[in-house]
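The structure appears below as structure tokens.
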Amino acid sequence: MTKPLANRIALVTGASRGIGFATAIALAKAGAHIVATARTQGGLEELDDEIRKEGGSATLVPLNLTDSDGIARLGAGLHERYGKLDILVGNAGVLGPSSPIGHIELKTFNDVMAVNVSANFQLIRCMEPLLKQSDAGRAVFITSGAANKATAYVSPYAASKAALETLARAWAQETANTKLRVNLFNPGPVRTRMRATLMPGEDPAMLDTPEQVAEFIVPLCAPDWTETGKFYDYKTRTLMSFRAPA
């Protein structure tokens, strides 16, 4: 039986653990060849082992996404090897400090923005030509409810996710008349290391796993997905349109 993502190339950032790890495996199970990036070589090797167990294949790219030249080299390498990119999952992100705004150093704020916003900006710049070479390019960015709630004490993270949402929505509008579809995915509270850092007293057994979440990301990456500029909320299983404030 032909797998729905057979012969498709999927780039997943932050793939060494959590939602990125689970999404890479889920996409591989659906037939995609995974190009996995992360800072940690060991985590990438564990991912490769799991993908191979499922009969899939992966290319491992140790990369710190603050290395904008590295992202550009990755784009050039994908062009040379495949001539296209079918799927981009912008998952990599950092939480940053949990402090009042006045206690946060400017460098710390900039470090969060560099990973959560600027790296995705560079990914868009470098991967858009490749995604447009696909017969059905798909991009999904992982966001957070903190963006619209303006959650206290995690202001760099909340601001960065709000910026990411606007960036992705603008890109969706720019590419609306192409075959490329761009969407956002909000997983909500999930059993990840980031969540445990933010909420150390929370019982992780009460949260869904990254594997459960990943199953809902895969459809947004499929050729038959037609929506763009939308926001999928995992907690409510709802695909939402953005609305301007009243």
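Lettering and numbering for the structure tokens are positional, with chains as A, B, ... in the shown order, residues counted from 1 in each chain, and ligands counted from 1 in the shown order.
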For Ala163 (chain A): contacts at 9 Å, only C-alpha atoms, fewer than 5 positions along chain excluded, given as a PyMOL selection string | chain A and resi 113+116-117+147+158+168
Close residues, region 9-12 of chain A itself excluded, 9 Å, only C-alpha atoms, min 5 positions apart in chain, as a ChimeraX atom specification = /A:20-21,23-24,27-28,32-38,82,84-92,221
Report as a count of residues only: the residues of region 94-226 of chain A with a DSSP assignment of strand (DSSP E), based on the backbone of this structure.
-> 11
Which is closest to Gln122 (chain A) among A:Thr228, A:Thr2, A:Thr166, A:Ser68, if we use only C-alpha atoms?
->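 When distances to Gln122 (chain A) are compared using only C-alpha atoms, the smallest one comes from A:Ser68.
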Which polymer residues have any atom within 10 Å of an atom of Val94 (chain A), counting only C-alpha atoms, with same-chain residues fewer than 6 positions away left out, as a list in words?
-> Gly14, Asp111, Val112, Met113, Ala114, Val115, Asn116, Pro156, Tyr157, Ser160 and Met194 of chain A
Include N, CA and C atoms and write out the residues we just selected as a PDB file, in the first residue's frame.
```
ATOM      1  N   GLY A  14      14.358  21.249  15.377  1.00  0.00           N
ATOM      2  CA  GLY A  14      14.173  20.845  16.775  1.00  0.00           C
ATOM      3  C   GLY A  14      13.722  19.409  16.881  1.00  0.00           C
ATOM      4  N   ASP A 111      18.226  36.487  22.680  1.00  0.00           N
ATOM      5  CA  ASP A 111      18.526  35.063  22.442  1.00  0.00           C
ATOM      6  C   ASP A 111      17.246  34.281  22.142  1.00  0.00           C
ATOM      7  N   VAL A 112      16.160  34.602  22.853  1.00  0.00           N
ATOM      8  CA  VAL A 112      14.878  33.926  22.601  1.00  0.00           C
ATOM      9  C   VAL A 112      14.350  34.297  21.220  1.00  0.00           C
ATOM     10  N   MET A 113      14.396  35.565  20.885  1.00  0.00           N
ATOM     11  CA  MET A 113      13.910  36.010  19.584  1.00  0.00           C
ATOM     12  C   MET A 113      14.730  35.407  18.447  1.00  0.00           C
ATOM     13  N   ALA A 114      16.019  35.209  18.681  1.00  0.00           N
ATOM     14  CA  ALA A 114      16.891  34.662  17.637  1.00  0.00           C
ATOM     15  C   ALA A 114      16.454  33.268  17.215  1.00  0.00           C
ATOM     16  N   VAL A 115      16.076  32.446  18.189  1.00  0.00           N
ATOM     17  CA  VAL A 115      15.663  31.072  17.878  1.00  0.00           C
ATOM     18  C   VAL A 115      14.214  31.012  17.414  1.00  0.00           C
ATOM     19  N   ASN A 116      13.336  31.692  18.137  1.00  0.00           N
ATOM     20  CA  ASN A 116      11.899  31.539  17.896  1.00  0.00           C
ATOM     21  C   ASN A 116      11.371  32.358  16.728  1.00  0.00           C
ATOM     22  N   PRO A 156       9.389  37.144  26.891  1.00  0.00           N
ATOM     23  CA  PRO A 156      10.138  36.936  25.653  1.00  0.00           C
ATOM     24  C   PRO A 156       9.546  35.807  24.811  1.00  0.00           C
ATOM     25  N   TYR A 157       9.164  34.728  25.478  1.00  0.00           N
ATOM     26  CA  TYR A 157       8.571  33.594  24.767  1.00  0.00           C
ATOM     27  C   TYR A 157       7.237  33.992  24.139  1.00  0.00           C
ATOM     28  N   SER A 160       7.761  36.338  21.250  1.00  0.00           N
ATOM     29  CA  SER A 160       8.364  35.660  20.100  1.00  0.00           C
ATOM     30  C   SER A 160       7.332  34.828  19.346  1.00  0.00           C
ATOM     31  N   MET A 194      10.190  21.170  27.958  1.00  0.00           N
ATOM     32  CA  MET A 194       9.899  22.594  28.094  1.00  0.00           C
ATOM     33  C   MET A 194       8.746  22.821  29.057  1.00  0.00           C
TER      34      MET A 194
END
```
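From CA of Ala172 (chain A) back to CA of Ala139 (chain A), the distance works out to 9.3 Å.
Ranking A:Pro97, A:Gly56, A:Gly31, A:Gly137 by their shortest atom-to-atom distance to Leu220 (chain A), with only C-alpha atoms included, puts A:Gly137 first.
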Do you know which residues are at most 12 Å from Ser241 (chain A) counting only C-alpha atoms, after dropping those on the same chain fewer than 4 positions away, and could you put them as number ranges by chain?
-> A: 169, 183-184, 227-233
Residue neighbourhood Gly43 (chain A), 7 Å, only C-alpha atoms, exclusion window fewer than 4 positions, as a list of chain:residue names = A:Ser16, A:Arg17, A:Leu47
Output C-alpha atoms of each residue in that selection to a file, as a compact mmCIF listing (two decimals), in the first residue's frame.
```
# COMPACT_ATOMS: atom_id res chain seq x y z
CA SER A 16 15.99 15.69 18.70
CA ARG A 17 13.22 15.54 21.32
CA LEU A 47 15.74 9.73 16.10
```
Using only C-alpha atoms, which residues sit within 12 Å of Pro219 (chain A) once same-chain residues fewer than 3 positions away are excluded, as a PyMOL selection string?
-> chain A and resi 4-5+23+26-27+30+87+138-140+183+185+213-216+222-227+232+239
Write a file of the selected residues as a compact mmCIF listing (two decimals), in the first residue's frame, keeping C-alpha atoms.
```txt
# COMPACT_ATOMS: atom_id res chain seq x y z
CA PRO A 4 0.50 9.16 1.77
CA LEU A 5 3.83 11.00 1.99
CA THR A 23 6.57 14.61 14.33
CA ALA A 26 5.11 10.30 12.32
CA LEU A 27 6.06 11.87 8.97
CA ALA A 30 3.72 8.20 6.43
CA ILE A 87 7.36 19.90 3.94
CA ARG A 138 3.47 22.59 3.04
CA ALA A 139 4.81 24.63 5.99
CA VAL A 140 3.68 24.28 9.60
CA ASN A 183 -0.29 27.20 8.73
CA PHE A 185 -0.25 24.63 15.01
CA VAL A 213 0.07 15.63 19.10
CA ALA A 214 2.19 14.65 16.11
CA GLU A 215 -0.63 12.61 14.61
CA PHE A 216 -2.56 15.87 14.14
CA ALA A 222 -0.17 16.30 3.25
CA PRO A 223 -0.69 17.21 -0.43
CA ASP A 224 -4.46 17.10 0.01
CA TRP A 225 -4.40 19.79 2.73
CA THR A 226 -5.79 22.95 1.12
CA GLU A 227 -6.17 25.54 3.90
CA TYR A 232 -4.96 24.61 14.32
CA LEU A 239 -8.98 24.83 12.70
```
Can you work out the spacing between CA of Phe109 (chain A) and CA of Gln173 (chain A) in Å, to one decimal?
->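 CA of Gln173 (chain A) lies at a distance of 28.4 Å from CA of Phe109 (chain A).
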Write out as a compact mmCIF listing (two decimals) with C-alpha atoms, in the first residue's frame all residues of region 85-207 of chain A that backbone DSSP assigns to helix (DSSP H, G or I).
```txt
# COMPACT_ATOMS: atom_id res chain seq x y z
CA ILE A 101 10.13 41.89 32.27
CA GLY A 102 12.19 44.34 34.29
CA HIS A 103 14.45 41.53 35.52
CA LEU A 106 18.40 42.46 26.79
CA LYS A 107 20.76 39.73 25.60
CA THR A 108 18.50 37.08 27.10
CA PHE A 109 15.49 38.56 25.31
CA ASN A 110 17.41 38.69 22.03
CA ASP A 111 18.53 35.06 22.44
CA VAL A 112 14.88 33.93 22.60
CA MET A 113 13.91 36.01 19.58
CA ALA A 114 16.89 34.66 17.64
CA VAL A 115 15.66 31.07 17.88
CA ASN A 116 11.90 31.54 17.90
CA VAL A 117 11.59 34.32 15.30
CA SER A 118 14.75 35.17 13.38
CA ALA A 119 15.64 31.54 12.67
CA ASN A 120 12.16 30.93 11.23
CA PHE A 121 12.48 34.11 9.15
CA GLN A 122 15.71 32.75 7.69
CA LEU A 123 14.12 29.34 7.12
CA ILE A 124 11.32 30.99 5.17
CA ARG A 125 13.80 32.98 3.07
CA CYS A 126 15.97 29.97 2.28
CA MET A 127 13.30 27.29 1.92
CA GLU A 128 10.57 29.14 0.03
CA PRO A 129 12.17 28.57 -3.41
CA LEU A 130 12.46 24.86 -2.65
CA LEU A 131 8.90 24.60 -1.33
CA LYS A 132 7.65 26.29 -4.49
CA GLN A 133 9.38 23.60 -6.55
CA ALA A 146 1.11 32.33 25.26
CA ALA A 147 1.15 34.46 22.10
CA ASN A 148 -2.44 35.66 22.38
CA LYS A 149 -2.74 35.36 26.16
CA SER A 155 7.25 37.71 28.05
CA PRO A 156 10.14 36.94 25.65
CA TYR A 157 8.57 33.59 24.77
CA ALA A 158 5.07 35.06 24.41
CA ALA A 159 6.32 37.96 22.30
CA SER A 160 8.36 35.66 20.10
CA LYS A 161 5.41 33.38 19.40
CA ALA A 162 3.19 36.36 18.60
CA ALA A 163 5.83 37.56 16.15
CA LEU A 164 6.11 34.08 14.64
CA GLU A 165 2.35 33.92 14.12
CA THR A 166 2.34 37.26 12.30
CA LEU A 167 5.32 36.23 10.19
CA ALA A 168 3.65 32.97 9.16
CA ARG A 169 0.32 34.66 8.42
CA ALA A 170 2.01 37.28 6.25
CA TRP A 171 3.85 34.55 4.37
CA ALA A 172 0.58 32.67 3.88
CA GLN A 173 -0.95 35.77 2.30
CA GLU A 174 2.07 36.32 0.06
CA ARG A 193 10.83 18.96 28.79
CA MET A 194 9.90 22.59 28.09
CA ARG A 195 6.54 22.16 29.83
CA ALA A 196 8.18 20.50 32.81
CA THR A 197 10.59 23.42 33.13
CA LEU A 198 7.75 25.93 33.05
CA PRO A 204 2.95 15.00 33.41
CA ALA A 205 0.65 11.98 33.33
CA MET A 206 -2.25 14.42 32.97
```
One-decimal distance in Å that lies between CA of Arg8 (chain A) and CA of Ala76 (chain A) | 17.7 Å
